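**Student:** Sharing start_1.txt below, compact mmCIF, C-alpha atoms and all ligand atoms:
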# COMPACT_ATOMS: atom_id res chain seq x y z
CA MET A 1 -7.22 -5.28 -1.35
CA LYS A 2 -4.55 -7.80 -0.28
CA GLY A 3 -4.54 -9.44 -3.68
CA LYS A 4 -8.28 -10.03 -3.59
CA ASN A 5 -9.41 -7.42 -6.12
CA LYS A 6 -10.65 -8.12 -9.64
CA LEU A 7 -8.17 -7.31 -12.40
CA ARG A 8 -9.79 -4.47 -14.35
CA ARG A 9 -8.62 -3.19 -17.71
CA GLN A 10 -8.15 0.47 -18.63
CA GLU A 11 -11.54 2.09 -19.44
CA LEU A 12 -11.16 4.91 -21.98
CA THR A 13 -14.26 7.07 -21.56
CA ASP A 14 -14.46 10.84 -22.05
CA GLY A 15 -13.50 11.29 -18.38
CA ARG A 16 -16.63 13.33 -17.61
CA GLU A 17 -17.68 10.70 -15.06
CA LEU A 18 -15.29 8.69 -12.87
CA TRP A 19 -15.69 5.74 -10.49
CA ILE A 20 -14.43 7.11 -7.18
CA GLN A 21 -13.80 5.35 -3.87
CA GLU A 22 -13.34 8.39 -1.66
CA VAL A 23 -12.29 12.04 -1.46
CA PHE A 24 -10.68 13.12 1.80
CA TYR A 25 -8.50 15.83 3.35
CA THR A 26 -5.32 14.60 5.06
CA LEU A 27 -1.54 14.95 5.20
CA GLN A 28 0.33 13.28 2.34
CA GLY A 29 1.91 10.30 4.13
CA GLU A 30 4.28 9.13 1.42
CA GLY A 31 6.88 10.28 -1.08
CA PRO A 32 8.21 13.74 -2.03
CA PHE A 33 5.28 15.70 -0.57
CA SER A 34 5.14 13.81 2.74
CA GLY A 35 3.66 15.94 5.52
CA GLN A 36 1.84 18.34 3.19
CA PRO A 37 -1.89 19.01 3.63
CA SER A 38 -3.61 17.51 0.63
CA VAL A 39 -6.98 16.50 -0.76
CA PHE A 40 -6.93 12.88 -1.86
CA VAL A 41 -9.03 11.54 -4.69
CA ARG A 42 -9.03 7.74 -4.61
CA THR A 43 -10.13 6.20 -7.89
CA CYS A 44 -11.61 2.70 -8.07
CA GLY A 45 -10.38 -0.45 -9.70
CA CYS A 46 -6.89 -1.67 -10.49
CA ASN A 47 -5.26 -3.57 -13.34
CA LEU A 48 -2.93 -5.37 -10.91
CA LYS A 49 -3.44 -7.48 -7.79
CA CYS A 50 -0.56 -6.96 -5.34
CA PHE A 51 -0.74 -9.63 -2.65
CA TRP A 52 0.21 -7.02 -0.02
CA CYS A 53 -1.97 -4.12 -1.15
CA ASP A 54 -3.23 -2.11 1.85
CA THR A 55 -6.15 -0.37 0.18
CA ASP A 56 -9.88 -0.90 -0.44
CA PHE A 57 -10.72 0.57 -3.86
CA GLU A 58 -13.70 -1.56 -4.93
CA SER A 59 -16.43 -0.96 -2.37
CA SER A 60 -17.83 2.32 -3.71
CA THR A 61 -20.77 2.76 -6.09
CA TRP A 62 -20.13 6.51 -6.43
CA ARG A 63 -19.67 7.64 -10.04
CA PRO A 64 -19.70 11.45 -9.84
CA SER A 65 -19.70 13.71 -12.85
CA LEU A 66 -16.54 15.77 -13.22
CA ASP A 67 -18.39 18.84 -11.93
CA GLU A 68 -19.68 16.96 -8.87
CA LEU A 69 -16.20 15.62 -8.13
CA LEU A 70 -14.64 19.09 -8.47
CA GLU A 71 -17.32 20.51 -6.15
CA THR A 72 -16.61 17.78 -3.59
CA ILE A 73 -12.89 18.62 -3.70
CA GLU A 74 -13.60 22.33 -3.29
CA ASN A 75 -15.97 21.71 -0.39
CA ILE A 76 -13.24 20.07 1.72
CA ARG A 77 -10.12 21.94 0.46
CA PRO A 78 -8.91 24.72 2.81
CA SER A 79 -7.88 27.76 0.73
CA PHE A 80 -4.18 27.32 1.74
CA CYS A 81 -4.15 23.70 0.51
CA ASP A 82 -3.16 23.57 -3.16
CA LEU A 83 -2.15 19.90 -3.39
CA ILE A 84 -4.53 17.35 -4.90
CA VAL A 85 -3.32 13.73 -4.84
CA ILE A 86 -4.95 11.34 -7.29
CA THR A 87 -4.50 7.74 -6.27
CA GLY A 88 -6.42 4.48 -6.25
CA GLY A 89 -6.67 1.71 -7.17
CA GLU A 90 -4.81 2.60 -10.32
CA PRO A 91 -5.67 6.16 -11.43
CA PHE A 92 -4.54 5.68 -15.04
CA ARG A 93 -7.16 2.95 -15.45
CA GLN A 94 -9.68 5.74 -16.06
CA ASN A 95 -9.45 8.88 -18.19
CA ILE A 96 -8.31 11.33 -15.51
CA ALA A 97 -7.11 13.87 -18.08
CA PRO A 98 -10.13 16.24 -17.82
CA LEU A 99 -9.83 16.16 -14.00
CA VAL A 100 -6.08 16.83 -14.08
CA GLU A 101 -6.39 19.56 -16.72
CA THR A 102 -9.13 21.34 -14.74
CA LEU A 103 -7.19 21.19 -11.45
CA LEU A 104 -4.01 22.48 -13.11
CA GLY A 105 -6.07 25.15 -14.87
CA ARG A 106 -7.21 26.36 -11.43
CA GLY A 107 -3.55 26.81 -10.42
CA LEU A 108 -3.50 23.79 -8.12
CA ARG A 109 -0.72 21.21 -7.86
CA VAL A 110 -1.56 17.64 -8.81
CA GLN A 111 0.36 14.57 -7.66
CA ILE A 112 -0.49 11.15 -9.05
CA GLU A 113 0.30 7.84 -7.32
CA THR A 114 0.66 5.15 -9.99
CA ASN A 115 1.97 1.65 -10.66
CA GLY A 116 3.32 2.93 -14.00
CA THR A 117 1.79 0.28 -16.25
CA LEU A 118 -0.83 2.48 -17.96
CA TRP A 119 -0.83 5.96 -19.48
CA ILE A 120 -3.26 8.71 -20.43
CA GLU A 121 -1.89 11.78 -22.23
CA LEU A 122 -1.58 14.59 -19.67
CA PRO A 123 -0.32 18.16 -20.10
CA GLU A 124 3.28 18.94 -19.20
CA SER A 125 3.31 21.16 -16.13
CA GLU A 126 5.76 21.81 -13.34
CA ARG A 127 2.73 21.59 -11.06
CA LEU A 128 2.08 17.98 -12.13
CA THR A 129 4.12 15.36 -10.20
CA ILE A 130 3.88 11.70 -11.13
CA VAL A 131 5.18 9.32 -8.45
CA CYS A 132 5.54 5.74 -9.65
CA SER A 133 5.65 2.80 -7.29
CA PRO A 134 6.79 -0.02 -9.60
CA LYS A 135 4.99 -3.36 -9.27
CA THR A 136 6.14 -4.99 -12.52
CA ARG A 137 9.27 -5.72 -14.56
CA GLY A 138 8.33 -3.15 -17.20
CA LEU A 139 6.39 0.14 -17.27
CA HIS A 140 4.33 1.81 -19.95
CA PRO A 141 6.95 3.43 -22.26
CA ASP A 142 5.08 6.76 -22.44
CA ILE A 143 4.94 7.23 -18.67
CA VAL A 144 8.66 6.69 -17.97
CA PRO A 145 9.81 10.12 -19.23
CA ARG A 146 7.00 11.74 -17.18
CA ILE A 147 7.88 10.13 -13.84
CA SER A 148 9.11 12.65 -11.26
CA ALA A 149 10.06 10.11 -8.57
CA TYR A 150 10.05 6.37 -7.89
CA LYS A 151 8.78 4.96 -4.62
CA TYR A 152 9.73 1.32 -4.04
CA VAL A 153 8.02 -0.69 -1.32
CA LEU A 154 10.58 -2.94 0.35
CA SER A 155 10.28 -6.07 2.45
CA VAL A 156 13.01 -8.14 4.09
CA ASP A 157 14.38 -11.09 2.10
CA GLU A 158 12.85 -9.66 -1.06
CA VAL A 159 15.44 -7.12 -2.22
CA ASP A 160 18.34 -7.30 -4.65
CA ALA A 161 21.75 -7.47 -2.95
CA GLU A 162 23.24 -5.15 -5.62
CA ASP A 163 20.91 -2.16 -5.55
CA GLY A 164 18.63 -2.87 -2.59
CA LEU A 165 15.50 -2.63 -4.76
CA PRO A 166 12.72 -5.24 -5.05
CA ALA A 167 13.68 -8.62 -6.47
CA ARG A 168 10.36 -10.42 -5.97
CA SER A 169 7.03 -10.30 -7.80
CA THR A 170 4.28 -8.22 -6.23
CA GLN A 171 1.64 -10.36 -7.91
CA LYS A 172 2.86 -13.80 -6.89
CA GLU A 173 4.40 -14.52 -3.46
CA ASN A 174 8.04 -15.68 -3.38
CA TYR A 175 8.40 -15.46 -7.16
CA VAL A 176 11.80 -14.08 -8.17
CA MET A 177 11.38 -10.98 -10.33
CA ARG A 178 13.40 -7.76 -10.54
CA LEU A 179 10.92 -4.91 -10.70
CA PHE A 180 11.48 -2.01 -13.10
CA ARG A 181 14.71 -0.03 -12.78
CA GLN A 182 15.56 3.21 -14.57
CA LYS A 183 18.21 2.74 -17.28
CA LYS A 184 19.78 6.04 -16.18
CA ALA A 185 19.17 7.29 -12.64
CA VAL A 186 17.34 10.52 -13.55
CA ALA A 187 14.41 10.50 -11.11
CA PRO A 188 14.97 10.31 -7.32
CA ILE A 189 14.25 7.02 -5.55
CA TYR A 190 12.22 6.76 -2.35
CA VAL A 191 12.16 3.53 -0.37
CA MET A 192 9.20 2.75 1.85
CA PRO A 193 8.77 -0.21 4.23
CA ARG A 194 6.02 -2.66 3.30
CA ASP A 195 3.22 -2.79 5.82
CA ASP A 196 2.71 -6.49 6.34
CA GLY A 197 0.23 -5.99 9.15
CA ASP A 198 2.66 -7.51 11.67
CA GLU A 199 4.65 -5.12 13.90
CA ASN A 200 7.73 -7.35 14.11
CA LEU A 201 7.94 -7.70 10.34
CA ASN A 202 7.16 -4.02 9.86
CA GLU A 203 9.99 -3.09 12.23
CA ARG A 204 12.39 -5.24 10.19
CA ASN A 205 11.10 -3.66 6.99
CA ARG A 206 11.71 -0.17 8.43
CA ALA A 207 15.25 -1.08 9.48
CA LEU A 208 15.87 -2.57 6.03
CA CYS A 209 14.72 0.63 4.31
CA ALA A 210 16.89 2.83 6.52
CA ASP A 211 19.93 0.66 5.83
CA ILE A 212 19.31 0.58 2.05
CA ALA A 213 18.66 4.34 1.91
CA MET A 214 22.00 5.01 3.65
CA ARG A 215 23.86 2.44 1.60
CA HIS A 216 22.56 3.55 -1.81
CA GLY A 217 21.62 7.20 -1.37
CA TYR A 218 17.85 6.71 -1.65
CA THR A 219 15.35 8.72 0.40
CA LEU A 220 13.45 6.97 3.15
CA CYS A 221 9.74 7.60 3.42
CA LEU A 222 7.42 6.07 5.98
CA GLN A 223 3.66 5.89 5.78
CA THR A 224 3.41 8.63 8.37
CA HIS A 225 -0.38 8.82 8.07
CA LYS A 226 -0.56 5.32 9.56
CA MET A 227 1.54 6.41 12.57
CA LEU A 228 -0.87 9.29 13.15
CA ALA A 229 -4.01 7.26 12.48
CA LEU A 230 -4.78 9.70 9.67
CA ARG A 231 -6.65 8.49 6.58
C1 LIG B 301 -2.69 1.76 -2.88
S1 LIG B 301 -1.50 2.30 -4.05
C2 LIG B 301 -2.49 3.15 -5.24
C3 LIG B 301 -1.71 3.78 -6.37
C4 LIG B 301 -1.07 2.82 -7.37
N1 LIG B 301 -1.93 1.69 -7.68
C5 LIG B 301 0.29 2.34 -6.88
O1 LIG B 301 0.42 1.12 -6.59
O2 LIG B 301 1.19 3.19 -6.77
C6 LIG B 301 -0.74 3.70 -3.22
C7 LIG B 301 0.60 3.45 -2.61
O3 LIG B 301 0.48 2.52 -1.52
C8 LIG B 301 1.57 1.62 -1.59
N2 LIG B 301 1.18 0.41 -0.85
C9 LIG B 301 0.16 -0.43 -1.13
N3 LIG B 301 0.11 -1.43 -0.22
C10 LIG B 301 1.14 -1.18 0.65
C11 LIG B 301 1.63 -1.85 1.81
N4 LIG B 301 1.06 -2.97 2.26
N5 LIG B 301 2.71 -1.33 2.44
C12 LIG B 301 3.30 -0.19 2.00
N6 LIG B 301 2.88 0.50 0.91
C13 LIG B 301 1.81 -0.01 0.26
C14 LIG B 301 1.77 1.43 -3.09
O4 LIG B 301 3.05 0.89 -3.38
C15 LIG B 301 1.63 2.85 -3.58
O5 LIG B 301 2.86 3.54 -3.46
N1 LIG B 302 -2.43 10.13 4.18
C1 LIG B 302 -2.27 9.30 3.13
N2 LIG B 302 -1.18 9.46 2.33
C2 LIG B 302 -1.08 8.65 1.25
N3 LIG B 302 -0.11 8.65 0.28
C3 LIG B 302 -0.42 7.72 -0.65
C4 LIG B 302 -1.60 7.08 -0.28
C5 LIG B 302 -2.32 6.13 -1.14
O1 LIG B 302 -3.10 5.28 -0.65
O2 LIG B 302 -2.15 6.28 -2.38
C6 LIG B 302 -2.02 7.66 0.95
C7 LIG B 302 -3.11 7.45 1.86
O3 LIG B 302 -3.94 6.52 1.73
N4 LIG B 302 -3.20 8.32 2.90
S1 LIG B 303 -1.08 -1.54 -8.11
FE1 LIG B 303 -1.47 -0.21 -6.34
S2 LIG B 303 -3.71 -0.27 -6.00
FE2 LIG B 303 -3.21 -1.90 -7.44
S3 LIG B 303 -3.05 -3.70 -6.13
FE3 LIG B 303 -0.97 -2.87 -6.34
S4 LIG B 303 -0.67 -1.45 -4.64
FE4 LIG B 303 -2.87 -1.92 -4.77
MG MG B 304 -3.00 4.52 1.29
Show how you would write the structure in this file as structure tokens.
Ligand SMILES: C[S@@+](CC[C@H](N)C(=O)[O-])C[C@H]1O[C@@H](n2cnc3c(N)ncnc32)[C@H](O)[C@@H]1O
Ligand SMILES: Nc1nc2[nH]cc(C(=O)O)c2c(=O)[nH]1
Ligand code: SF4
Ligand SMILES: [Mg+2]

**Tutor:**
Amino acid sequence: MKGKNKLRRQELTDGRELWIQEVFYTLQGEGPFSGQPSVFVRTCGCNLKCFWCDTDFESSTWRPSLDELLETIENIRPSFCDLIVITGGEPFRQNIAPLVETLLGRGLRVQIETNGTLWIELPESERLTIVCSPKTRGLHPDIVPRISAYKYVLSVDEVDAEDGLPARSTQKENYVMRLFRQKKAVAPIYVMPRDDGDENLNERNRALCADIAMRHGYTLCLQTHKMLALR
């Protein structure tokens, strides 16, 4: 929403109805499951307002029941596709626990894309992968031990010389701020170039990510769906 969205607090309902932007079948374009066929569930609303956010998550009026949402997922999921990605907006703004529990109970894999500032108790499962893309100095303490991988979005002139990770606020342009770092490097780090909507800048961001990945041992990921004009 390019920093234009309303800031919305966490809504703790029973999770039997969710505000959803879209459900679509695509290839995961980012992070540890890049390239894998997946059904995406994009939840609405976010508690942050990143000035470079590339996503519309406020224009839907669809509030399906859990059953209707599960049916929608099943209607577009090929039988070989077992990966459901829950994203947003900020998925932990709503009670996604019943959705996650049901999907895991059906033997599916669930991957969540999150900014790491909110938490909802979710079952432990090796088929549940939480990928955090930090946007703030601190994260919710209960989510940190549950994070499987970090995915930092990098832009030139905005990274720390020491570790190559973001050193500027995502909420306020040109404001110096070191985003969250793990105390101990337990979860793998992915670096992804920021899409600034300008090919020259994007090319510099890609080169920056490649250099930082090679210098610090991070894994590069590119938003491959955008290269393929996939959703
Ligand atoms: C739209 S966010 C939704 C999930 C969650 N709110 C988060 O920030 O992780 C999904 C992913 O897109 C990334 N993203 C958003 N805007 C981007 C941009 N302009 N360039 C590159 N990645 C972007 C986020 O960092 C995050 O990894
Ligand atoms: N294909 C595809 N892969 C993605 N990985 C993370 C996405 C997101 O917006 O959360 C995303 C997306 O919007 N599309
Ligand atoms: S936290 Fe995620 S969804 Fe929210 S504004 Fe930032 S990038 Fe967009
Ligand atoms: Mg996206």

**Student:** Find the distance between atom O4 of ligand LIG 301 (chain B) and CA of Arg16 in chain A and write it in Å to one decimal.

**Tutor:**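 Rounded to one decimal, the two atoms are 27.3 Å apart.
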
**Student:** Neighbours of range 124-127 of chain A within 8 Å (all atoms listed in the file; same-chain residues fewer than 2 positions away dropped), as a list in words?

**Tutor:**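 Skipping anything fewer than 2 positions along the chain leaves Leu104, Leu108, Arg109, Val110, Leu122 and Thr129 of chain A.
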
**Student:** Tell me, in Å to one decimal, how far CA of Asp14 in chain A is from CA of Arg77 in chain A.

**Tutor:**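 Separating CA of Asp14 in chain A from CA of Arg77 in chain A is a distance of 25.5 Å.
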
**Student:** Give the answer as one residue: which of A:Ile143, A:Leu154, A:Met227, A:Leu18 has the shortest atom-to-atom distance to ligand LIG 301 (chain B), using all atoms listed in the file?

**Tutor:** A:Leu154

**Student:** Using all atoms listed in the file, what table do you get, as a Markdown table, when you list each residue of range 47-153 of chain A with an atom no more than 12 Å from range 211-216 of chain A, its nearest pair of atoms, and their distance in Å rounded to one decimal, rows by chain then rising number?

**Tutor:**
| residue | atom | partner | partner_atom | distance |
| --- | --- | --- | --- | --- |
| A:Lys151 | CA | A:Ala213 | CA | 11.9 |
| A:Tyr152 | CA | A:Ala213 | CA | 11.1 |
| A:Val153 | CA | A:Ile212 | CA | 11.9 |

**Student:** Between A:Ser38, A:Gln94, A:Ser133, A:Gln223, which has the minimum distance to Arg9 in chain A (counting only C-alpha atoms)?

**Tutor:**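 Checking each of A:Ser38, A:Gln94, A:Ser133, A:Gln223 against Arg9 in chain A, counting only C-alpha atoms, the winner is A:Gln94.
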
**Student:** Can you pull out every residue with an atom within 6 Å of ligand LIG 303 (chain B)? Use all atoms listed in the file and format it as a list of chain:residue names.

**Tutor:**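 Residues lying within 6 Å of ligand LIG 303 (chain B): A:Cys46, A:Leu48, A:Lys49, A:Cys50, A:Cys53, A:Gly88, A:Gly89, A:Glu90, A:Asn115.
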
**Student:** Keeping C-alpha atoms, export the residues of the selection given above as an mmCIF file, in the coordinates of the input.

**Tutor:**
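See result11.cif below for the written result:
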data_model
loop_
_atom_site.group_PDB
_atom_site.id
_atom_site.type_symbol
_atom_site.label_atom_id
_atom_site.label_comp_id
_atom_site.auth_asym_id
_atom_site.auth_seq_id
_atom_site.Cartn_x
_atom_site.Cartn_y
_atom_site.Cartn_z
ATOM 1 C CA CYS A 46 -6.890 -1.670 -10.490
ATOM 2 C CA LEU A 48 -2.930 -5.370 -10.910
ATOM 3 C CA LYS A 49 -3.440 -7.480 -7.790
ATOM 4 C CA CYS A 50 -0.560 -6.960 -5.340
ATOM 5 C CA CYS A 53 -1.970 -4.120 -1.150
ATOM 6 C CA GLY A 88 -6.420 4.480 -6.250
ATOM 7 C CA GLY A 89 -6.670 1.710 -7.170
ATOM 8 C CA GLU A 90 -4.810 2.600 -10.320
ATOM 9 C CA ASN A 115 1.970 1.650 -10.660
#

**Student:** Please determine, counting only C-alpha atoms, which residue among A:Ala149, A:Gln171, A:Leu179, A:Leu99 has the shortest atom-to-atom distance to Leu7 in chain A.

**Tutor:** A:Gln171

**Student:** Compile the contact shell of Ser34 in chain A as a ChimeraX atom specification: residues with an atom at most 9 Å away, counting all atoms listed in the file, same-chain residues fewer than 6 positions apart removed.

**Tutor:** /A:27-28,221-224

**Student:** Which of these, A:Cys132, A:Ile147, A:Val191, A:Leu118, has the shortest distance to ligand LIG 301 (chain B) once you count only C-alpha atoms and all ligand atoms?

**Tutor:** A:Cys132

**Student:** Have a look at A:Arg63, A:Leu230, A:Pro145, A:Ile76 and name the one nearest to ligand LIG 302 (chain B); count all atoms listed in the file.

**Tutor:**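 Distance minimum relative to ligand LIG 302 (chain B) lands on A:Leu230.
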
**Student:** What is the distance, in Å and to one decimal place, between CA of Ala187 in chain A and CA of Glu22 in chain A?

**Tutor:**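 About the pair CA of Ala187 in chain A and CA of Glu22 in chain A: they are 29.4 Å apart.
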
**Student:** Reconstruct all heavy atoms of range 156-167 of chain A; output as a compact mmCIF listing (two decimals), keeping the file's coordinate frame.

**Tutor:**
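File written: part27.txt
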# COMPACT_ATOMS: atom_id res chain seq x y z
N VAL A 156 11.79 -7.35 3.84
CA VAL A 156 13.01 -8.14 4.09
C VAL A 156 12.99 -9.42 3.26
O VAL A 156 11.94 -9.97 2.96
CB VAL A 156 13.14 -8.51 5.59
CG1 VAL A 156 13.62 -7.30 6.37
CG2 VAL A 156 11.87 -9.08 6.16
N ASP A 157 14.18 -9.86 2.89
CA ASP A 157 14.38 -11.09 2.10
C ASP A 157 13.81 -10.99 0.70
O ASP A 157 13.67 -12.01 0.02
CB ASP A 157 13.73 -12.32 2.80
CG ASP A 157 14.23 -12.46 4.23
OD1 ASP A 157 15.39 -12.06 4.47
OD2 ASP A 157 13.45 -12.91 5.08
N GLU A 158 13.42 -9.76 0.29
CA GLU A 158 12.85 -9.66 -1.06
C GLU A 158 13.51 -8.58 -1.89
O GLU A 158 12.94 -8.04 -2.82
CB GLU A 158 11.33 -9.38 -0.96
CG GLU A 158 10.56 -10.47 -0.27
CD GLU A 158 9.05 -10.35 -0.47
OE1 GLU A 158 8.62 -9.62 -1.38
OE2 GLU A 158 8.31 -10.99 0.28
N VAL A 159 14.76 -8.19 -1.47
CA VAL A 159 15.44 -7.12 -2.22
C VAL A 159 16.71 -7.65 -2.88
O VAL A 159 17.28 -8.66 -2.45
CB VAL A 159 15.80 -5.91 -1.29
CG1 VAL A 159 14.52 -5.21 -0.83
CG2 VAL A 159 16.66 -6.34 -0.13
N ASP A 160 17.15 -6.93 -3.89
CA ASP A 160 18.34 -7.30 -4.65
C ASP A 160 19.60 -6.88 -3.89
O ASP A 160 19.67 -5.74 -3.41
CB ASP A 160 18.27 -6.58 -6.02
CG ASP A 160 19.47 -6.88 -6.89
OD1 ASP A 160 20.53 -6.29 -6.62
OD2 ASP A 160 19.35 -7.71 -7.80
N ALA A 161 20.55 -7.77 -3.75
CA ALA A 161 21.75 -7.47 -2.95
C ALA A 161 22.55 -6.32 -3.58
O ALA A 161 23.19 -5.53 -2.88
CB ALA A 161 22.63 -8.71 -2.86
N GLU A 162 22.48 -6.19 -4.90
CA GLU A 162 23.24 -5.15 -5.62
C GLU A 162 22.73 -3.76 -5.33
O GLU A 162 23.47 -2.88 -4.91
CB GLU A 162 23.07 -5.39 -7.14
CG GLU A 162 23.97 -6.48 -7.72
CD GLU A 162 25.44 -6.03 -7.72
OE1 GLU A 162 25.78 -5.06 -8.40
OE2 GLU A 162 26.20 -6.65 -6.96
N ASP A 163 21.42 -3.55 -5.62
CA ASP A 163 20.91 -2.16 -5.55
C ASP A 163 19.86 -1.96 -4.46
O ASP A 163 19.34 -0.86 -4.30
CB ASP A 163 20.36 -1.71 -6.93
CG ASP A 163 19.13 -2.52 -7.35
OD1 ASP A 163 18.61 -3.34 -6.55
OD2 ASP A 163 18.68 -2.32 -8.51
N GLY A 164 19.55 -3.02 -3.72
CA GLY A 164 18.63 -2.87 -2.59
C GLY A 164 17.18 -2.70 -2.99
O GLY A 164 16.32 -2.46 -2.14
N LEU A 165 16.89 -2.83 -4.28
CA LEU A 165 15.50 -2.63 -4.76
C LEU A 165 14.82 -3.99 -4.93
O LEU A 165 15.49 -5.02 -4.90
CB LEU A 165 15.52 -1.81 -6.06
CG LEU A 165 16.09 -0.39 -5.90
CD1 LEU A 165 16.11 0.34 -7.24
CD2 LEU A 165 15.37 0.41 -4.84
N PRO A 166 13.49 -3.98 -5.08
CA PRO A 166 12.72 -5.24 -5.05
C PRO A 166 13.17 -6.27 -6.09
O PRO A 166 13.43 -5.95 -7.25
CB PRO A 166 11.29 -4.79 -5.32
CG PRO A 166 11.23 -3.38 -4.83
CD PRO A 166 12.58 -2.81 -5.17
N ALA A 167 13.26 -7.51 -5.61
CA ALA A 167 13.68 -8.62 -6.47
C ALA A 167 12.65 -9.76 -6.41
O ALA A 167 12.97 -10.91 -6.71
CB ALA A 167 15.04 -9.12 -6.03
